[in-house]
Every structure is written in C-alpha cells, then in structure tokens.
>>> print(open('input_35.cif').read())   # mmCIF, C-alpha atoms
data_protein
loop_
_atom_site.group_PDB
_atom_site.id
_atom_site.type_symbol
_atom_site.label_atom_id
_atom_site.label_comp_id
_atom_site.auth_asym_id
_atom_site.auth_seq_id
_atom_site.Cartn_x
_atom_site.Cartn_y
_atom_site.Cartn_z
ATOM 1 C CA MET A 1 42.708 18.131 -33.873
ATOM 2 C CA GLN A 2 39.053 18.817 -33.234
ATOM 3 C CA ASN A 3 38.318 21.316 -30.456
ATOM 4 C CA LYS A 4 35.800 19.340 -28.406
ATOM 5 C CA PHE A 5 34.139 22.427 -26.974
ATOM 6 C CA LEU A 6 33.653 24.070 -30.339
ATOM 7 C CA HIS A 7 32.388 20.742 -31.618
ATOM 8 C CA ARG A 8 29.731 20.766 -28.886
ATOM 9 C CA ALA A 9 28.752 24.311 -29.930
ATOM 10 C CA PHE A 10 28.333 23.079 -33.532
ATOM 11 C CA GLN A 11 26.197 20.179 -32.298
ATOM 12 C CA LEU A 12 23.913 22.532 -30.368
ATOM 13 C CA ALA A 13 23.559 24.823 -33.372
ATOM 14 C CA LEU A 14 22.758 21.967 -35.761
ATOM 15 C CA GLU A 15 20.416 20.052 -33.469
ATOM 16 C CA HIS A 16 18.315 23.041 -32.477
ATOM 17 C CA SER A 17 18.197 24.758 -35.871
ATOM 18 C CA SER A 18 16.988 21.691 -37.727
ATOM 19 C CA ASP A 19 13.356 22.609 -36.927
ATOM 20 C CA GLY A 20 13.822 26.051 -38.531
ATOM 21 C CA GLN A 21 12.570 27.719 -35.323
ATOM 22 C CA HIS A 22 16.009 28.215 -33.764
ATOM 23 C CA GLY A 23 18.738 30.197 -35.495
ATOM 24 C CA PRO A 24 21.903 28.204 -36.366
ATOM 25 C CA PHE A 25 24.046 29.270 -33.441
ATOM 26 C CA GLY A 26 25.387 27.375 -30.425
ATOM 27 C CA ALA A 27 27.618 28.405 -27.528
ATOM 28 C CA ILE A 28 28.999 26.876 -24.362
ATOM 29 C CA ILE A 29 30.771 28.255 -21.323
ATOM 30 C CA VAL A 30 33.703 26.358 -19.852
ATOM 31 C CA LYS A 31 35.473 26.777 -16.523
ATOM 32 C CA ASN A 32 38.361 24.579 -15.403
ATOM 33 C CA ASN A 33 37.898 22.431 -18.508
ATOM 34 C CA GLU A 34 34.293 21.664 -17.524
ATOM 35 C CA ILE A 35 31.153 22.740 -19.381
ATOM 36 C CA ILE A 36 29.179 25.054 -17.090
ATOM 37 C CA ALA A 37 26.343 25.988 -19.443
ATOM 38 C CA GLU A 38 25.097 25.477 -22.990
ATOM 39 C CA GLY A 39 23.084 27.893 -25.107
ATOM 40 C CA TRP A 40 21.435 27.998 -28.494
ATOM 41 C CA ASN A 41 19.483 30.605 -30.406
ATOM 42 C CA ALA A 42 15.821 30.739 -29.373
ATOM 43 C CA VAL A 43 14.693 34.098 -30.775
ATOM 44 C CA VAL A 44 11.728 32.769 -32.760
ATOM 45 C CA ALA A 45 10.818 29.905 -30.432
ATOM 46 C CA SER A 46 10.677 32.113 -27.331
ATOM 47 C CA ASN A 47 9.674 35.454 -28.902
ATOM 48 C CA ASP A 48 12.804 37.022 -27.455
ATOM 49 C CA PRO A 49 15.154 38.919 -29.787
ATOM 50 C CA THR A 50 17.859 38.773 -27.095
ATOM 51 C CA ALA A 51 17.787 34.956 -26.916
ATOM 52 C CA HIS A 52 21.046 34.421 -28.796
ATOM 53 C CA ALA A 53 23.180 31.374 -28.011
ATOM 54 C CA GLU A 54 25.842 33.309 -26.096
ATOM 55 C CA ILE A 55 23.315 35.318 -24.047
ATOM 56 C CA MET A 56 21.470 32.120 -23.121
ATOM 57 C CA ALA A 57 24.720 30.415 -22.102
ATOM 58 C CA ILE A 58 25.822 33.431 -20.024
ATOM 59 C CA ARG A 59 22.490 33.592 -18.205
ATOM 60 C CA LYS A 60 22.542 29.887 -17.456
ATOM 61 C CA ALA A 61 26.178 29.935 -16.288
ATOM 62 C CA CYS A 62 25.522 32.887 -13.962
ATOM 63 C CA HIS A 63 22.432 31.229 -12.552
ATOM 64 C CA LYS A 64 24.358 28.002 -11.987
ATOM 65 C CA LEU A 65 27.372 29.654 -10.355
ATOM 66 C CA GLY A 66 25.319 32.255 -8.441
ATOM 67 C CA THR A 67 27.287 35.235 -9.745
ATOM 68 C CA PHE A 68 27.170 37.951 -12.388
ATOM 69 C CA ASN A 69 30.932 37.579 -12.914
ATOM 70 C CA LEU A 70 32.257 34.833 -15.190
ATOM 71 C CA SER A 71 35.949 35.668 -15.010
ATOM 72 C CA GLU A 72 38.114 32.552 -15.482
ATOM 73 C CA CYS A 73 35.546 31.270 -17.974
ATOM 74 C CA THR A 74 35.899 30.750 -21.714
ATOM 75 C CA ILE A 75 33.016 30.940 -24.159
ATOM 76 C CA TYR A 76 33.034 28.759 -27.269
ATOM 77 C CA SER A 77 30.670 29.865 -30.010
ATOM 78 C CA SER A 78 29.885 28.408 -33.415
ATOM 79 C CA CYS A 79 30.143 31.938 -34.834
ATOM 80 C CA GLU A 80 31.833 35.199 -33.926
ATOM 81 C CA PRO A 81 29.505 36.824 -31.375
ATOM 82 C CA CYS A 82 27.332 39.677 -32.640
ATOM 83 C CA PRO A 83 27.804 43.069 -30.915
ATOM 84 C CA MET A 84 25.004 42.301 -28.432
ATOM 85 C CA CYS A 85 26.651 39.044 -27.397
ATOM 86 C CA LEU A 86 30.199 40.384 -27.491
ATOM 87 C CA ALA A 87 29.280 43.250 -25.185
ATOM 88 C CA ALA A 88 27.477 40.766 -22.904
ATOM 89 C CA ILE A 89 30.696 38.709 -22.817
ATOM 90 C CA TYR A 90 32.596 41.786 -21.669
ATOM 91 C CA TRP A 91 29.958 42.700 -19.070
ATOM 92 C CA ALA A 92 30.169 39.120 -17.758
ATOM 93 C CA ARG A 93 33.988 39.495 -17.519
ATOM 94 C CA ILE A 94 34.554 36.306 -19.510
ATOM 95 C CA ASP A 95 38.278 35.837 -20.121
ATOM 96 C CA THR A 96 38.443 34.285 -23.541
ATOM 97 C CA VAL A 97 36.254 33.799 -26.594
ATOM 98 C CA VAL A 98 36.797 31.008 -29.132
ATOM 99 C CA PHE A 99 34.668 31.002 -32.269
ATOM 100 C CA ALA A 100 34.497 29.384 -35.701
ATOM 101 C CA ALA A 101 32.489 31.175 -38.402
ATOM 102 C CA SER A 102 32.969 34.916 -38.942
ATOM 103 C CA HIS A 103 30.369 37.680 -38.773
ATOM 104 C CA GLU A 104 30.680 37.898 -42.546
ATOM 105 C CA ASP A 105 29.692 34.217 -42.755
ATOM 106 C CA ALA A 106 26.661 34.984 -40.563
ATOM 107 C CA SER A 107 25.698 37.894 -42.782
ATOM 108 C CA ARG A 108 25.860 35.705 -45.887
ATOM 109 C CA ALA A 109 23.385 33.376 -44.155
ATOM 110 C CA GLY A 110 20.906 36.243 -43.719
ATOM 111 C CA PHE A 111 21.813 37.705 -40.320
ATOM 112 C CA ASP A 112 22.622 41.357 -39.613
ATOM 113 C CA ASP A 113 25.936 40.841 -37.809
ATOM 114 C CA SER A 114 28.200 42.816 -40.155
ATOM 115 C CA PHE A 115 25.677 45.659 -40.448
ATOM 116 C CA LEU A 116 25.488 45.845 -36.643
ATOM 117 C CA TYR A 117 29.278 46.036 -36.327
ATOM 118 C CA GLU A 118 29.222 48.951 -38.774
ATOM 119 C CA GLU A 119 26.511 50.695 -36.766
ATOM 120 C CA MET A 120 28.371 50.254 -33.470
ATOM 121 C CA SER A 121 31.400 52.093 -34.803
ATOM 122 C CA LYS A 122 29.343 55.221 -35.611
ATOM 123 C CA THR A 123 28.218 58.007 -33.293
ATOM 124 C CA TRP A 124 24.544 58.014 -32.352
ATOM 125 C CA MET A 125 23.901 60.843 -34.802
ATOM 126 C CA GLU A 126 25.336 58.894 -37.728
ATOM 127 C CA ARG A 127 23.465 55.622 -37.193
ATOM 128 C CA LYS A 128 20.614 54.385 -39.380
ATOM 129 C CA ILE A 129 18.173 54.074 -36.471
ATOM 130 C CA ASN A 130 16.219 57.215 -35.538
ATOM 131 C CA ALA A 131 17.873 58.608 -32.436
ATOM 132 C CA PHE A 132 17.260 61.655 -30.280
ATOM 133 C CA ARG A 133 19.030 62.979 -27.202
ATOM 134 C CA GLU A 134 16.948 65.027 -24.757
ATOM 135 C CA HIS A 135 17.261 66.148 -21.142
ATOM 136 C CA GLN A 136 20.930 65.217 -20.884
ATOM 137 C CA ASP A 137 21.341 67.268 -17.702
ATOM 138 C CA GLU A 138 18.613 65.298 -15.957
ATOM 139 C CA GLY A 139 20.206 62.082 -17.157
ATOM 140 C CA LYS A 140 23.467 63.187 -15.545
ATOM 141 C CA ILE A 141 21.677 63.806 -12.244
ATOM 142 C CA VAL A 142 20.727 60.113 -12.151
ATOM 143 C CA PHE A 143 24.429 59.209 -12.290
ATOM 144 C CA LYS A 144 25.359 61.917 -9.796
ATOM 145 C CA LYS A 145 22.991 60.332 -7.265
ATOM 146 C CA TRP A 146 24.549 56.920 -7.986
ATOM 147 C CA ILE A 147 28.078 58.234 -7.468
ATOM 148 C CA ASP A 148 26.993 59.690 -4.122
ATOM 149 C CA ASN A 149 25.085 56.550 -3.044
ATOM 150 C CA PRO A 150 27.013 54.824 -0.210
ATOM 151 C CA LEU A 151 25.051 51.578 -0.767
ATOM 152 C CA LYS A 152 26.073 51.125 -4.397
ATOM 153 C CA ILE A 153 27.650 47.864 -5.547
ATOM 154 C CA ASP A 154 30.043 48.409 -8.435
ATOM 155 C CA TYR A 155 30.335 45.836 -11.198
ATOM 156 C CA MET B 1 8.814 70.800 -21.994
ATOM 157 C CA GLN B 2 9.455 67.611 -20.089
ATOM 158 C CA ASN B 3 9.365 64.409 -22.160
ATOM 159 C CA LYS B 4 6.987 62.303 -20.045
ATOM 160 C CA PHE B 5 8.406 59.014 -21.265
ATOM 161 C CA LEU B 6 12.005 59.969 -20.520
ATOM 162 C CA HIS B 7 10.798 61.249 -17.172
ATOM 163 C CA ARG B 8 9.373 57.788 -16.425
ATOM 164 C CA ALA B 9 12.729 56.232 -17.398
ATOM 165 C CA PHE B 10 14.474 58.578 -14.923
ATOM 166 C CA GLN B 11 11.969 57.597 -12.223
ATOM 167 C CA LEU B 12 12.644 53.895 -12.773
ATOM 168 C CA ALA B 13 16.389 54.449 -12.661
ATOM 169 C CA LEU B 14 16.228 56.498 -9.470
ATOM 170 C CA GLU B 15 13.706 54.342 -7.624
ATOM 171 C CA HIS B 16 15.448 51.062 -8.289
ATOM 172 C CA SER B 17 19.028 52.230 -7.848
ATOM 173 C CA SER B 18 18.418 53.792 -4.444
ATOM 174 C CA ASP B 19 19.127 50.413 -2.782
ATOM 175 C CA GLY B 20 22.540 50.229 -4.477
ATOM 176 C CA GLN B 21 21.683 46.776 -5.874
ATOM 177 C CA HIS B 22 20.322 48.019 -9.200
ATOM 178 C CA GLY B 23 22.439 50.088 -11.579
ATOM 179 C CA PRO B 24 21.121 53.622 -12.272
ATOM 180 C CA PHE B 25 19.428 52.947 -15.587
ATOM 181 C CA GLY B 26 15.769 52.898 -16.640
ATOM 182 C CA ALA B 27 14.052 52.302 -19.968
ATOM 183 C CA ILE B 28 10.526 52.043 -21.317
ATOM 184 C CA ILE B 29 9.042 50.910 -24.599
ATOM 185 C CA VAL B 30 6.202 52.860 -26.132
ATOM 186 C CA LYS B 31 3.834 51.959 -28.966
ATOM 187 C CA ASN B 32 1.041 54.242 -30.169
ATOM 188 C CA ASN B 33 1.801 56.637 -27.323
ATOM 189 C CA GLU B 34 1.207 53.897 -24.731
ATOM 190 C CA ILE B 35 3.803 52.359 -22.399
ATOM 191 C CA ILE B 36 4.139 48.671 -23.311
ATOM 192 C CA ALA B 37 6.923 47.708 -20.924
ATOM 193 C CA GLU B 38 9.287 49.126 -18.317
ATOM 194 C CA GLY B 39 12.798 47.966 -17.465
ATOM 195 C CA TRP B 40 15.537 48.768 -14.999
ATOM 196 C CA ASN B 41 19.012 47.446 -14.390
ATOM 197 C CA ALA B 42 19.009 44.248 -12.317
ATOM 198 C CA VAL B 43 22.517 42.877 -12.924
ATOM 199 C CA VAL B 44 23.492 42.560 -9.284
ATOM 200 C CA ALA B 45 20.050 41.777 -7.880
ATOM 201 C CA SER B 46 19.422 38.924 -10.350
ATOM 202 C CA ASN B 47 23.007 37.747 -10.960
ATOM 203 C CA ASP B 48 22.530 38.390 -14.665
ATOM 204 C CA PRO B 49 25.067 40.582 -16.484
ATOM 205 C CA THR B 50 22.602 40.922 -19.390
ATOM 206 C CA ALA B 51 19.851 42.378 -17.168
ATOM 207 C CA HIS B 52 20.240 45.963 -18.367
ATOM 208 C CA ALA B 53 17.212 48.266 -18.400
ATOM 209 C CA GLU B 54 16.752 48.165 -22.182
ATOM 210 C CA ILE B 55 17.142 44.374 -22.412
ATOM 211 C CA MET B 56 14.597 43.897 -19.615
ATOM 212 C CA ALA B 57 12.141 46.266 -21.301
ATOM 213 C CA ILE B 58 12.572 44.540 -24.676
ATOM 214 C CA ARG B 59 11.970 41.101 -23.185
ATOM 215 C CA LYS B 60 8.879 42.265 -21.350
ATOM 216 C CA ALA B 61 7.476 44.063 -24.388
ATOM 217 C CA CYS B 62 8.002 41.013 -26.610
ATOM 218 C CA HIS B 63 6.381 38.763 -24.040
ATOM 219 C CA LYS B 64 3.414 41.105 -23.723
ATOM 220 C CA LEU B 65 2.900 41.538 -27.472
ATOM 221 C CA GLY B 66 3.714 37.907 -28.325
ATOM 222 C CA THR B 67 6.336 38.756 -30.927
ATOM 223 C CA PHE B 68 10.096 39.085 -31.369
ATOM 224 C CA ASN B 69 9.564 42.157 -33.571
ATOM 225 C CA LEU B 70 9.025 45.558 -31.973
ATOM 226 C CA SER B 71 8.840 47.655 -35.117
ATOM 227 C CA GLU B 72 6.637 50.737 -34.649
ATOM 228 C CA CYS B 73 7.947 50.967 -31.078
ATOM 229 C CA THR B 74 10.156 53.625 -29.501
ATOM 230 C CA ILE B 75 12.499 52.991 -26.605
ATOM 231 C CA TYR B 76 13.178 55.744 -24.074
ATOM 232 C CA SER B 77 16.277 55.251 -21.975
ATOM 233 C CA SER B 78 17.787 57.319 -19.186
ATOM 234 C CA CYS B 79 21.190 56.830 -20.864
ATOM 235 C CA GLU B 80 22.522 56.102 -24.333
ATOM 236 C CA PRO B 81 22.244 52.310 -24.686
ATOM 237 C CA CYS B 82 25.486 50.348 -24.332
ATOM 238 C CA PRO B 83 26.524 48.227 -27.335
ATOM 239 C CA MET B 84 24.735 45.168 -25.922
ATOM 240 C CA CYS B 85 21.482 47.072 -25.587
ATOM 241 C CA LEU B 86 21.861 49.007 -28.826
ATOM 242 C CA ALA B 87 22.378 45.808 -30.796
ATOM 243 C CA ALA B 88 19.374 44.283 -28.985
ATOM 244 C CA ILE B 89 17.331 47.312 -30.064
ATOM 245 C CA TYR B 90 18.326 46.667 -33.679
ATOM 246 C CA TRP B 91 17.588 42.925 -33.410
ATOM 247 C CA ALA B 92 14.148 43.819 -31.983
ATOM 248 C CA ARG B 93 13.577 46.149 -34.973
ATOM 249 C CA ILE B 94 12.670 49.053 -32.711
ATOM 250 C CA ASP B 95 12.121 52.192 -34.807
ATOM 251 C CA THR B 96 13.427 54.964 -32.628
ATOM 252 C CA VAL B 97 15.622 55.447 -29.579
ATOM 253 C CA VAL B 98 15.384 58.483 -27.291
ATOM 254 C CA PHE B 99 17.949 58.865 -24.532
ATOM 255 C CA ALA B 100 19.264 61.455 -22.066
ATOM 256 C CA ALA B 101 22.763 60.865 -20.634
ATOM 257 C CA SER B 102 25.639 59.962 -22.945
ATOM 258 C CA HIS B 103 27.874 56.898 -22.808
ATOM 259 C CA GLU B 104 30.632 59.243 -21.627
ATOM 260 C CA ASP B 105 28.397 60.228 -18.693
ATOM 261 C CA ALA B 106 27.917 56.507 -17.894
ATOM 262 C CA SER B 107 31.661 55.928 -18.038
ATOM 263 C CA ARG B 108 32.293 58.794 -15.617
ATOM 264 C CA ALA B 109 29.890 57.034 -13.206
ATOM 265 C CA GLY B 110 31.999 53.854 -13.339
ATOM 266 C CA PHE B 111 30.458 51.875 -16.194
ATOM 267 C CA ASP B 112 32.345 50.470 -19.203
ATOM 268 C CA ASP B 113 30.162 51.916 -21.950
ATOM 269 C CA SER B 114 32.776 54.027 -23.751
ATOM 270 C CA PHE B 115 35.389 51.247 -23.537
ATOM 271 C CA LEU B 116 32.876 48.813 -25.039
ATOM 272 C CA TYR B 117 32.106 51.157 -27.935
ATOM 273 C CA GLU B 118 35.850 51.321 -28.633
ATOM 274 C CA GLU B 119 36.132 47.540 -28.559
ATOM 275 C CA MET B 120 33.177 47.087 -30.941
ATOM 276 C CA SER B 121 34.864 49.178 -33.601
ATOM 277 C CA LYS B 122 37.941 46.912 -33.682
ATOM 278 C CA THR B 123 38.432 43.600 -35.448
ATOM 279 C CA TRP B 124 38.412 40.512 -33.247
ATOM 280 C CA MET B 125 42.202 40.302 -33.478
ATOM 281 C CA GLU B 126 42.673 43.853 -32.164
ATOM 282 C CA ARG B 127 40.362 43.618 -29.137
ATOM 283 C CA LYS B 128 41.525 43.456 -25.531
ATOM 284 C CA ILE B 129 39.708 40.196 -24.801
ATOM 285 C CA ASN B 130 41.558 36.970 -25.645
ATOM 286 C CA ALA B 131 40.052 35.700 -28.887
ATOM 287 C CA PHE B 132 40.756 32.721 -31.119
ATOM 288 C CA ARG B 133 39.198 31.571 -34.375
ATOM 289 C CA GLU B 134 39.269 27.836 -35.094
ATOM 290 C CA HIS B 135 37.447 25.475 -37.432
ATOM 291 C CA GLN B 136 35.975 28.236 -39.560
ATOM 292 C CA ASP B 137 35.090 25.791 -42.341
ATOM 293 C CA GLU B 138 32.974 23.705 -39.981
ATOM 294 C CA GLY B 139 31.337 26.881 -38.732
ATOM 295 C CA LYS B 140 30.387 27.717 -42.299
ATOM 296 C CA ILE B 141 28.808 24.270 -42.748
ATOM 297 C CA VAL B 142 26.360 25.119 -39.936
ATOM 298 C CA PHE B 143 25.186 28.142 -41.960
ATOM 299 C CA LYS B 144 25.146 26.173 -45.227
ATOM 300 C CA LYS B 145 22.681 23.735 -43.655
ATOM 301 C CA TRP B 146 20.559 26.662 -42.453
ATOM 302 C CA ILE B 147 20.495 28.252 -45.897
ATOM 303 C CA ASP B 148 19.339 24.921 -47.345
ATOM 304 C CA ASN B 149 16.750 24.304 -44.588
ATOM 305 C CA PRO B 150 13.239 24.695 -46.080
ATOM 306 C CA LEU B 151 11.727 25.021 -42.572
ATOM 307 C CA LYS B 152 13.777 28.070 -41.564
ATOM 308 C CA ILE B 153 12.047 31.219 -40.282
ATOM 309 C CA ASP B 154 14.030 34.335 -41.129
ATOM 310 C CA TYR B 155 14.136 37.218 -38.734
#
>>> encode(input="input_35.cif", output="structure tokens")
Amino acid sequence: MQNKFLHRAFQLALEHSSDGQHGPFGAIIVKNNEIIAEGWNAVVASNDPTAHAEIMAIRKACHKLGTFNLSECTIYSSCEPCPMCLAAIYWARIDTVVFAASHEDASRAGFDDSFLYEEMSKTWMERKINAFREHQDEGKIVFKKWIDNPLKIDY
Amino acid sequence: MQNKFLHRAFQLALEHSSDGQHGPFGAIIVKNNEIIAEGWNAVVASNDPTAHAEIMAIRKACHKLGTFNLSECTIYSSCEPCPMCLAAIYWARIDTVVFAASHEDASRAGFDDSFLYEEMSKTWMERKINAFREHQDEGKIVFKKWIDNPLKIDY
C-alpha cells in the first residue's frame, strides 16, 4: 500500500524540481496524522545552501506551532536526510523519520550525501576541509559563563 | 596573539547569550580578510531549532553576496560546529573552518553535539531515532527524472 505522506513528499520533489532550480527533494512533517508543514529544496532558487527540504519543513512547522520542539512529530522525506538535515531533525526532537531513497541514491544523482556521511565520522583533524583549533581555553570560558547563567533556557 | 575573528565570535556568543534566550555560540564568515556576516544562536528566541550561529552566518553571507557558494570564505566559530552546521559548511563550499571550544566542551555545557557525532557515524538502522525506509524504488525515480532533466542546475 502506498504511504500517502511519502507520496506527498515525492509530489513536492517532482513538482518543484521540474524547473531545474529546485533540487529533487521533498519532505513533510506530520503530527496526529495531519500534515503540519511541507518543504522542498530551494538552495539555488533562494541562494541558501541550507534550504533543504527537511530544513524548510522543520522551520515552517516550528513557526506554525510556535515552538522549537517537534516531539510527537514524524518527518517523511523523499530521500534519507543528509547529515545537516538529520542533525536538524535531532535538534528539533522529531520522533520518527520515514524516507524512501538512500544517501547512495542521492550521491548517484550528483549530491554529496555519502561523502558528507564519511566526513562526519572523522575527527576534525582527519576531514578534507581545512580546519584549525585555536584559543580553546577562551572558548571554554564562553560555556562556563553559560553554565553559571541563571537565566539560561536549556533545549 | 589573539585571533581577531575568533575574538569577534566569542563576543557575539557572550553578548547574545547573556539573556539566557540565545545559546552561547557565535560565528562569523570572512572573505579577503573582511567580515561578510555574523551569526549567533537564536533557537529559543526565534523558535527555530536550525538557528545555530554558523547556519545564521551562512544564510546572511549568501544573502549579502547573492550566491549559494561561499568558496574562498573562512568561518570562525566559538565552538566546533555541530554536524548540522558542519554539513552546512560543506554544502556552502566554505574553504576553511577555525574554531575554539570542542564538541566535548559543548556537551559538558548541556548540548548534544557529541551524541550527534556518534549518531552520524551509524547507519540509519543503528541510530537511536525511529527510522523506516519505504518505497525506495519510487524515491529513485525522483532522482532518475532529475538526472534526465536538461534544465537542472548542479550545485
């Protein structure tokens, strides 16, 4: 049987990518069997490399529900989320992710998903990107002040 | 000698987090020795779990430069970017990342960074989040249509 929510994610991916300006990815967020938000890739169209389908759907759902916490929600995505989107899903406390294509499928279509998963599993010193760590002690002081801040809101 | 760009990232983190509504993270993007954009964590204040310092700085820099490609840019962050932000840095094609605190330091201050790095290195079946793959063949069709789309803009 067709998963109607995944089907909607496919529709979004196909409709928006037909102009060649939107990557072929769609995602929706569902709560209590109701679609809360829909997203599609808009990296090229909006000059925003973070405008992936899942990120767009998360932002819209949070705006709609007035919260940064999407627990009790499920995200349906036409493809396995890339590391950026997967980490965003965790930060948003989404319960469940349902996807269709794999990150290997995405990579075969020209996207960096598999490469990014490889990079994530390395230490910062081993990654391909140039990386430098400086002033770690001062960086720790920033956190120390946060830990001691009585006004802080944890998330 | 103090790295003036990291110092600015610390300033942003400290200034904005003093109200307890903005997580203690700051980031700036530099091109040709000039600050292009500044970002700070606004997850709670804007109800957006993707509003991390690096993501905010990337979005602003892309908007300012009118491009989704930040090659030849360096990002300075008060802390090692989390997987969401690190993957965003790769998608934005940023050349170099300079950071101070480690993801272990962030975790000791109450953030999930180290847990997320562990999750990224697992397959989707091994992760803690509920995950399901369905309709993979239909997901692949979405990419097949993209590959065959003569209008597509690669990024």
>>> atom_distance(input="input_35.cif", atom1="CA of Ile147 (chain A)", atom2="CA of Ala13 (chain B)")
13.3 Å
>>> atom_distance(input="input_35.cif", atom1="CA of His52 (chain B)", atom2="CA of Ala131 (chain B)")
24.7 Å
>>> residues_around(input="input_35.cif", residues="Tyr76 (chain B)", least_positions_apart="5", cutoff="12 Å", atoms="all atoms listed in the file", output="PyMOL selection string")
(chain A and resi 130-135+139) or (chain B and resi 3-10+12-13+25-31+33+35-40+53-54+57-58+81+86+89+94-101)
>>> closest_residue(input="input_35.cif", among="A:Ala88, A:Leu65, A:Ala51, A:Met56", to="chain B", atoms="all atoms listed in the file")
A:Ala88
>>> resolve_selection(input="input_35.cif", expression="the PyMOL selection byres ((chain B and resi 69) around 12)", output="NGL selection string")
(:A and (43-44 or 46-50)) or (:B and (58-59 or 61-68 or 70-73 or 88-95 or 154-155))
>>> closest_residue(input="input_35.cif", among="B:His22, B:Glu34, B:Gly110, B:Ser78", to="Leu151 (chain A)", atoms="only C-alpha atoms")
B:His22
>>> atom_distance(input="input_35.cif", atom1="CA of Asp137 (chain B)", atom2="CA of Ala106 (chain A)")
12.6 Å
>>> build_atoms(input="input_35.cif", residues="region 34-50 of chain A", atoms="N, CA and C atoms", output="CSV table (one decimal), keeping the file's coordinate frame")
chain,number,residue,atom,x,y,z
A,34,GLU,N,35.6,22.3,-17.7
A,34,GLU,CA,34.3,21.7,-17.5
A,34,GLU,C,33.2,22.6,-18.1
A,35,ILE,N,32.3,22.0,-18.8
A,35,ILE,CA,31.2,22.7,-19.4
A,35,ILE,C,30.2,23.2,-18.3
A,36,ILE,N,30.0,24.5,-18.1
A,36,ILE,CA,29.2,25.1,-17.1
A,36,ILE,C,27.8,25.3,-17.6
A,37,ALA,N,27.7,25.7,-18.9
A,37,ALA,CA,26.3,26.0,-19.4
A,37,ALA,C,26.4,25.9,-21.0
A,38,GLU,N,25.2,25.6,-21.5
A,38,GLU,CA,25.1,25.5,-23.0
A,38,GLU,C,24.0,26.4,-23.4
A,39,GLY,N,24.1,27.0,-24.6
A,39,GLY,CA,23.1,27.9,-25.1
A,39,GLY,C,22.9,27.7,-26.6
A,40,TRP,N,21.7,28.0,-27.1
A,40,TRP,CA,21.4,28.0,-28.5
A,40,TRP,C,20.4,29.1,-28.8
A,41,ASN,N,20.4,29.5,-30.0
A,41,ASN,CA,19.5,30.6,-30.4
A,41,ASN,C,18.0,30.2,-30.3
A,42,ALA,N,17.2,31.0,-29.6
A,42,ALA,CA,15.8,30.7,-29.4
A,42,ALA,C,15.0,32.0,-29.6
A,43,VAL,N,15.4,32.8,-30.5
A,43,VAL,CA,14.7,34.1,-30.8
A,43,VAL,C,13.2,33.8,-31.2
A,44,VAL,N,13.1,33.0,-32.2
A,44,VAL,CA,11.7,32.8,-32.8
A,44,VAL,C,10.9,31.9,-31.8
A,45,ALA,N,11.5,30.9,-31.3
A,45,ALA,CA,10.8,29.9,-30.4
A,45,ALA,C,10.3,30.5,-29.1
A,46,SER,N,11.1,31.5,-28.6
A,46,SER,CA,10.7,32.1,-27.3
A,46,SER,C,10.2,33.6,-27.5
A,47,ASN,N,10.1,34.0,-28.7
A,47,ASN,CA,9.7,35.5,-28.9
A,47,ASN,C,10.6,36.4,-28.1
A,48,ASP,N,11.9,36.2,-28.2
A,48,ASP,CA,12.8,37.0,-27.5
A,48,ASP,C,14.0,37.3,-28.4
A,49,PRO,N,14.1,38.6,-28.9
A,49,PRO,CA,15.2,38.9,-29.8
A,49,PRO,C,16.5,38.9,-29.1
A,50,THR,N,16.6,38.8,-27.8
A,50,THR,CA,17.9,38.8,-27.1
A,50,THR,C,18.3,37.3,-26.8
